[in-house]
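Structure, as structure tokens:
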Amino acid sequence: MSFTGIFRARDGLAAVVDSKGSRIENGQLVEDYVRSPKKFFPFSGGVAVTYGANQIKIKNQARLFSNVWNVEDLILTYLQSRNNLDLEFFQSFLMKISSDPDNKSKVGIIVGRKIWDGNYMIESHVFACNYHLKRLAPETACCMTGGDELYTRAFDRDGSLSRISSIDQLQKTAAAKLERLIGFYDEELSYNPVGKPVQSFFVR
């Protein structure tokens, strides 16, 4: 399930993500040792992070069976041509994920954008077959997070993060908090869907 988030301060945005990949085996979540999916994607003036399903099936009318695609490959291919995740990307992604009704697991994409100095926007997109929900973070919100509920609740309820005005300090604080939570839930859960190393990236 993973954990990803984009955090906003007066002078920038920080993306903070875990590095663990999971898959379902015999009805249970287990660590995917074959793949370590990329979860953050810098582009000109912004950054995106992903959570939820990291692969989707795309049906081609000329083929009998659907092809399985990594979400990260779809994002990276688009960024190579446009260097931005724009409306056309989200429309094309919805068409791809809706091409096969087996795409029932949701894919989450959070995007942070620099509008101008001192003005940073965060938006959330959630996809499944024939489903797309877009939300904009209120101006007062310091972050949008996605992934495992234990982690998202811990961050979304932490009012101290909104009082940090420096993106350098916010990035360090958020990354350190995620490190601590992973260590705690490694001990408490039979399977922790979020894992180290923690990665982060910032946009000024």
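The chains in the structure tokens are called A, B, ... from first to last as shown; in each chain the residues are counted from 1, and the ligands are counted from 1 in the order shown.
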
DSSP says strand (DSSP E or B) for which residues of range 59-97 of chain A? Put them as a list in words?
-> Asn67, Val68, Trp69 and Asn70 of chain A

Exercise: Ser19 in chain A partners within 12 Å, only C-alpha atoms, chain neighbours under 3 positions left out, as a PyMOL selection string | chain A and resi 1-4+16+22+31-33+35-40+49-51+178-179+182+193-200

Expressed in Å to a single decimal, how great is the separation between CA of Glu25 in chain A and CA of Gly183 in chain A?
-> 24.0 Å

Using only C-alpha atoms, determine which residues lie at most 10 Å from Phe89 in chain A, disregarding the query and same-chain residues fewer than 6 positions distant; provide the list as a PyMOL selection string.
-> chain A and resi 74-75+78-79+82+95

Prev. selection, C-alpha atoms, output as a PDB file, in the first residue's frame:
ATOM      1  CA  LEU A  74       3.326   5.394 -17.943  1.00  0.00           C
ATOM      2  CA  ILE A  75       4.224   8.518 -15.945  1.00  0.00           C
ATOM      3  CA  TYR A  78       4.676  11.015 -20.560  1.00  0.00           C
ATOM      4  CA  LEU A  79       7.124  13.229 -18.669  1.00  0.00           C
ATOM      5  CA  ARG A  82       5.907  16.896 -21.959  1.00  0.00           C
ATOM      6  CA  MET A  95      -8.901   5.908 -20.600  1.00  0.00           C
TER       7      MET A  95
END

Taking the backbone alone, and naming residues the way the document does, which bits of range 28-155 of chain A are helix (DSSP H, G or I) by DSSP, as an NGL selection string?
-> :A and (71-82 or 87-97 or 149-155)

Contacts of Ser99 in chain A at 8 Å or less, counting only C-alpha atoms, minus same-chain residues fewer than 2 places along, as a ChimeraX atom specification?
-> /A:57-60,95-97,101,129

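Excluding Asp168 in chain A itself and any same-chain residue fewer than 2 positions from it, the protein and nucleic acid residues within 10 Å of it, counting only C-alpha atoms, are Ala9, Asp11, Gly12, Leu13, Ala14, Ile164, Ser165, Ser166, Leu170, Gln171, Lys172, Thr173, Phe202 and Arg204 of chain A.
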
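Using only C-alpha atoms, the smallest distance between any of A:Val107, A:Asp73, A:Phe201, A:Tyr131 and Val47 in chain A comes from A:Phe201.
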
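Note that the spacing between CA of Asn54 in chain A and CA of Thr77 in chain A amounts to 15.1 Å.
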
Hey, what's within 10 Å of Leu76 in chain A if we count only C-alpha atoms and toss same-chain stuff fewer than 6 positions away? As number ranges by chain, please?
-> A: 38, 41-43, 82-83, 85

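Picture a line from CA of Ala175 in chain A to CA of Val17 in chain A; it runs 8.1 Å.
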
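In this comparison, which uses only C-alpha atoms, the residue of A:Arg113, A:Glu72, A:Gly159, A:Phe65 approaching Ala137 in chain A most closely is A:Arg113.
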
Smallest atom-to-atom distance to Tyr191 in chain A: which of A:Asp148, A:Asp86, A:Glu139, A:Glu123, using only C-alpha atoms?
-> A:Asp148
